[in-house]
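Colleague: Next up is a structure, given as structure tokens.
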Amino acid sequence: MKICWLALCLFSLTAGASVSPERLAELASQQQVPLAALQDATAKAQLRQEILDTIARPWEAKPWHRYRPLFVTPERIRDGLAFWQRHAALLTQAEQAYRVPASVIVAIIGIETFYGRQMGRHSVLDSLYTLGFHYPERSDFFAKEFAQLVLLAREEKWPLTSLKGSYAGAMGMGQFMPSSYRHYAVDFDGDGKRDLFANPADAIGSVANYFAEHKWRWGEPVVEPALIGLAPVSTLLTLGPEFSQQWQELAAAGIELAAPPAPDTPVKLLALEQADGPEYWVARHNFYVITRYNRSPLYAMAVHQLSQAIQDAYALQPQTSSPQPDLVAGRL
């Protein structure tokens with residue numbers, strides 16, 4: 001009996017851990033997915049303890065001085081330069097079509113998957129099943145993505161159990177969640193399909209489209225270092241990625257910038273922990289756009305700083321042709 005009980009426990013942790021019929025019916029109605037398709041997907045999915053363990057230790061929980069070295073590295077800069085050189089024509093096309101800098105597109109792909117080399121080893125189906133139905137903290141979000149995965153697989157004619165991605169269910173070179181894949185992925189090379197796994201053209205165009213759809217503003221700053229003086233910093237820091245301040249509020253408190261924006265410009269004061277104390281930055285609209293990809297300000301700052309480093313490296317390379325003057329991705 002003890003052996004049978006242990007086997008039953010093991011089975012419940014790996015396959016077929018039940019989801020209530022009511023929950024599936026509600027999800028099917030909300031996401032407009034056939035109930036039978038959801039039932040079939042849950043029957044094929046497995047509960048993975050590894051996924052629950054991993055999401056409990058997010059990299060974004062690290063302080064900035066330990067987070068930054070994970071992503072802004074000489075190797076990632078070097079390989080980002082090589083990726084840009086290899087796909088220069090595609091990146092120029094993406095800049096022209098979407099008004100999003102090549103440096104930002106390259107940095108996103110670099111941070112997410114090391115330029116397509118590390119796209120994830122987890123079953124996307126299992127990841128989203130585990131987090132959608134067995135991770136109460138964010139179950140609503142991941143259950144929605146589970147339903148979106150079912151729709152996406154039907155649309156793209158993918159076998160559900162073959163898809164690999166991150167522990168959180170993100171896929172492809174740019175690590176799109178299923179809902180983002182459905183809504184923002186583009187067939188950038190016009191071959192009749194959207195392939196973010198093996199087609200750099202579609203990955204580049206899709207990342208650019210994502211940023212354009214979230215209102216990236218060409219030529220505007222992303223974030224600027226701030227001098228705080230005697231400003232009451234603790235009262236000016238706000239939770240969440242949303243911008244609830246205007247520059248005039250920070251300026252009145254004593255914050256200084258080298259190039260202050262207009263008084264009514266939406267901004268957000270950031271404090272990033274270095275080993276010897278916090279450093280302060282004032283984020284602008286484009287910083288907020290990066291947080292639409294990942295809500296963490298650490299992630300957004302890493303994307304920005306990697307993009308700048310890659311851009312600087314690219315600017316030092318001999319150019320074979322002259323880009324249109326207004327489309328040069330200058331320092332943003």
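In the structure tokens, chains take the letters A, B, ... in the order shown, each chain's residues start at 1, and ligands count up from 1 in the order shown.
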Taking the DSSP assignment computed from this structure's backbone, write out as an MDAnalysis selection string all residues of range 164-275 of chain A that belong to alpha helix (DSSP H).

Modeller: chainID A and resid 178:184 200:213 233:236 247:253

Colleague: Report the residues of range 79-248 of chain A whose backbone DSSP state falls under strand (DSSP E), written as an MDAnalysis selection string.

Modeller: chainID A and resid 122:123 164:165 223:225 245:246

Colleague: Grab the residues selected above and save them as an mmCIF file, in the first residue's frame with all heavy atoms.

Modeller:
data_model
loop_
_atom_site.group_PDB
_atom_site.id
_atom_site.type_symbol
_atom_site.label_atom_id
_atom_site.label_comp_id
_atom_site.auth_asym_id
_atom_site.auth_seq_id
_atom_site.Cartn_x
_atom_site.Cartn_y
_atom_site.Cartn_z
ATOM 1 N N HIS A 122 12.340 24.103 -21.660
ATOM 2 C CA HIS A 122 11.137 23.609 -20.991
ATOM 3 C C HIS A 122 9.984 23.430 -21.973
ATOM 4 O O HIS A 122 9.854 24.194 -22.935
ATOM 5 C CB HIS A 122 10.704 24.584 -19.898
ATOM 6 C CG HIS A 122 11.731 24.795 -18.832
ATOM 7 N ND1 HIS A 122 11.955 23.885 -17.821
ATOM 8 C CD2 HIS A 122 12.609 25.814 -18.613
ATOM 9 C CE1 HIS A 122 12.910 24.338 -17.022
ATOM 10 N NE2 HIS A 122 13.326 25.500 -17.483
ATOM 11 N N SER A 123 9.160 22.460 -21.705
ATOM 12 C CA SER A 123 7.909 22.328 -22.452
ATOM 13 C C SER A 123 7.026 23.540 -22.166
ATOM 14 O O SER A 123 6.690 23.805 -21.013
ATOM 15 C CB SER A 123 7.177 21.045 -22.042
ATOM 16 O OG SER A 123 5.819 21.105 -22.437
ATOM 17 N N LYS A 164 9.208 24.237 -27.113
ATOM 18 C CA LYS A 164 10.141 24.462 -26.015
ATOM 19 C C LYS A 164 10.338 25.965 -25.814
ATOM 20 O O LYS A 164 10.335 26.744 -26.770
ATOM 21 C CB LYS A 164 11.497 23.815 -26.310
ATOM 22 C CG LYS A 164 11.438 22.310 -26.512
ATOM 23 C CD LYS A 164 11.025 21.586 -25.242
ATOM 24 C CE LYS A 164 11.060 20.078 -25.431
ATOM 25 N NZ LYS A 164 10.622 19.353 -24.209
ATOM 26 N N GLY A 165 10.520 26.347 -24.555
ATOM 27 C CA GLY A 165 10.713 27.758 -24.253
ATOM 28 C C GLY A 165 11.231 27.939 -22.843
ATOM 29 O O GLY A 165 11.834 27.035 -22.254
ATOM 30 N N VAL A 223 16.428 56.991 -20.401
ATOM 31 C CA VAL A 223 16.641 57.229 -18.984
ATOM 32 C C VAL A 223 17.865 58.123 -18.851
ATOM 33 O O VAL A 223 18.768 58.092 -19.698
ATOM 34 C CB VAL A 223 16.828 55.883 -18.236
ATOM 35 C CG1 VAL A 223 18.063 55.162 -18.703
ATOM 36 C CG2 VAL A 223 16.822 56.063 -16.736
ATOM 37 N N GLU A 224 17.898 58.943 -17.799
ATOM 38 C CA GLU A 224 18.998 59.886 -17.614
ATOM 39 C C GLU A 224 19.475 59.848 -16.167
ATOM 40 O O GLU A 224 18.651 59.760 -15.242
ATOM 41 C CB GLU A 224 18.537 61.298 -17.962
ATOM 42 C CG GLU A 224 18.051 61.452 -19.396
ATOM 43 C CD GLU A 224 17.339 62.772 -19.622
ATOM 44 O OE1 GLU A 224 18.036 63.790 -19.808
ATOM 45 O OE2 GLU A 224 16.090 62.780 -19.604
ATOM 46 N N PRO A 225 20.803 59.926 -15.950
ATOM 47 C CA PRO A 225 21.308 59.952 -14.572
ATOM 48 C C PRO A 225 20.863 61.216 -13.858
ATOM 49 O O PRO A 225 20.821 62.299 -14.441
ATOM 50 C CB PRO A 225 22.826 59.909 -14.752
ATOM 51 C CG PRO A 225 23.066 60.401 -16.138
ATOM 52 C CD PRO A 225 21.880 59.991 -16.946
ATOM 53 N N GLN A 245 4.396 60.653 -12.056
ATOM 54 C CA GLN A 245 5.009 61.946 -11.748
ATOM 55 C C GLN A 245 5.232 62.747 -13.029
ATOM 56 O O GLN A 245 5.265 62.183 -14.127
ATOM 57 C CB GLN A 245 6.357 61.730 -11.036
ATOM 58 C CG GLN A 245 6.261 60.982 -9.722
ATOM 59 C CD GLN A 245 7.597 60.361 -9.316
ATOM 60 O OE1 GLN A 245 8.301 59.785 -10.137
ATOM 61 N NE2 GLN A 245 7.948 60.482 -8.047
ATOM 62 N N GLN A 246 5.406 64.046 -12.865
ATOM 63 C CA GLN A 246 5.857 64.912 -13.943
ATOM 64 C C GLN A 246 7.203 65.505 -13.542
ATOM 65 O O GLN A 246 7.528 65.607 -12.354
ATOM 66 C CB GLN A 246 4.841 66.023 -14.216
ATOM 67 C CG GLN A 246 3.515 65.521 -14.768
ATOM 68 C CD GLN A 246 2.572 66.662 -15.114
ATOM 69 O OE1 GLN A 246 2.718 67.786 -14.625
ATOM 70 N NE2 GLN A 246 1.602 66.370 -15.965
#

Colleague: For Ala212 in chain A, find every residue with an atom within 7 Å (counting only C-alpha atoms), except residues of its own chain fewer than 4 positions away, and show them as a PyMOL selection string.

Modeller: chain A and resi 98+100+208+216

Colleague: Could those selected residues go to a file with all heavy atoms, as a tab-separated table (two decimals), in the first residue's frame?

Modeller:
chain	number	residue	atom	x	y	z
A	98	TYR	N	9.28	50.48	-38.53
A	98	TYR	CA	8.67	50.58	-37.21
A	98	TYR	C	9.19	51.74	-36.37
A	98	TYR	O	8.65	51.99	-35.29
A	98	TYR	CB	8.87	49.27	-36.45
A	98	TYR	CG	8.19	48.09	-37.09
A	98	TYR	CD1	8.91	47.13	-37.79
A	98	TYR	CD2	6.81	47.96	-37.04
A	98	TYR	CE1	8.28	46.05	-38.39
A	98	TYR	CE2	6.16	46.88	-37.64
A	98	TYR	CZ	6.91	45.93	-38.31
A	98	TYR	OH	6.28	44.86	-38.91
A	100	VAL	N	11.93	51.99	-34.64
A	100	VAL	CA	12.52	51.46	-33.40
A	100	VAL	C	13.99	51.21	-33.68
A	100	VAL	O	14.33	50.58	-34.69
A	100	VAL	CB	11.82	50.16	-32.96
A	100	VAL	CG1	12.51	49.56	-31.72
A	100	VAL	CG2	10.35	50.42	-32.67
A	208	ALA	N	10.51	44.61	-33.20
A	208	ALA	CA	10.29	46.00	-33.59
A	208	ALA	C	8.81	46.34	-33.56
A	208	ALA	O	8.41	47.42	-33.09
A	208	ALA	CB	10.87	46.24	-34.98
A	216	TRP	N	6.78	53.26	-28.89
A	216	TRP	CA	8.15	53.75	-28.80
A	216	TRP	C	8.24	55.09	-29.54
A	216	TRP	O	7.67	55.25	-30.62
A	216	TRP	CB	9.12	52.75	-29.43
A	216	TRP	CG	10.55	53.20	-29.36
A	216	TRP	CD1	11.20	54.00	-30.26
A	216	TRP	CD2	11.48	52.90	-28.32
A	216	TRP	NE1	12.50	54.20	-29.85
A	216	TRP	CE2	12.70	53.55	-28.66
A	216	TRP	CE3	11.42	52.15	-27.15
A	216	TRP	CZ2	13.84	53.46	-27.86
A	216	TRP	CZ3	12.55	52.06	-26.35
A	216	TRP	CH2	13.74	52.71	-26.71

Colleague: Contacts of range 125-141 of chain A at 9 Å or less, counting only C-alpha atoms, minus same-chain residues fewer than 4 places along, as a list in words?

Modeller: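 Using only C-alpha atoms, the neighbours found are Ser18, Val19, Ala41, Thr42, Lys44, Ala45, Gln46, Leu47, Arg48, Gln49, Ile51, Leu52, Ile55, Glu145, Phe146, Leu149, Val150, Leu160, Thr161, Ser162, Leu163, Lys164, Gly165, Ser166, Tyr167, Ala168 and Gly169 of chain A.
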
Colleague: Which residue, A:Pro221, A:Pro34, A:Gly240, A:Pro74, has the smallest gap to Pro297 in chain A when you use only C-alpha atoms?

Modeller: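 Checking each of A:Pro221, A:Pro34, A:Gly240, A:Pro74 against Pro297 in chain A, counting only C-alpha atoms, the winner is A:Gly240.
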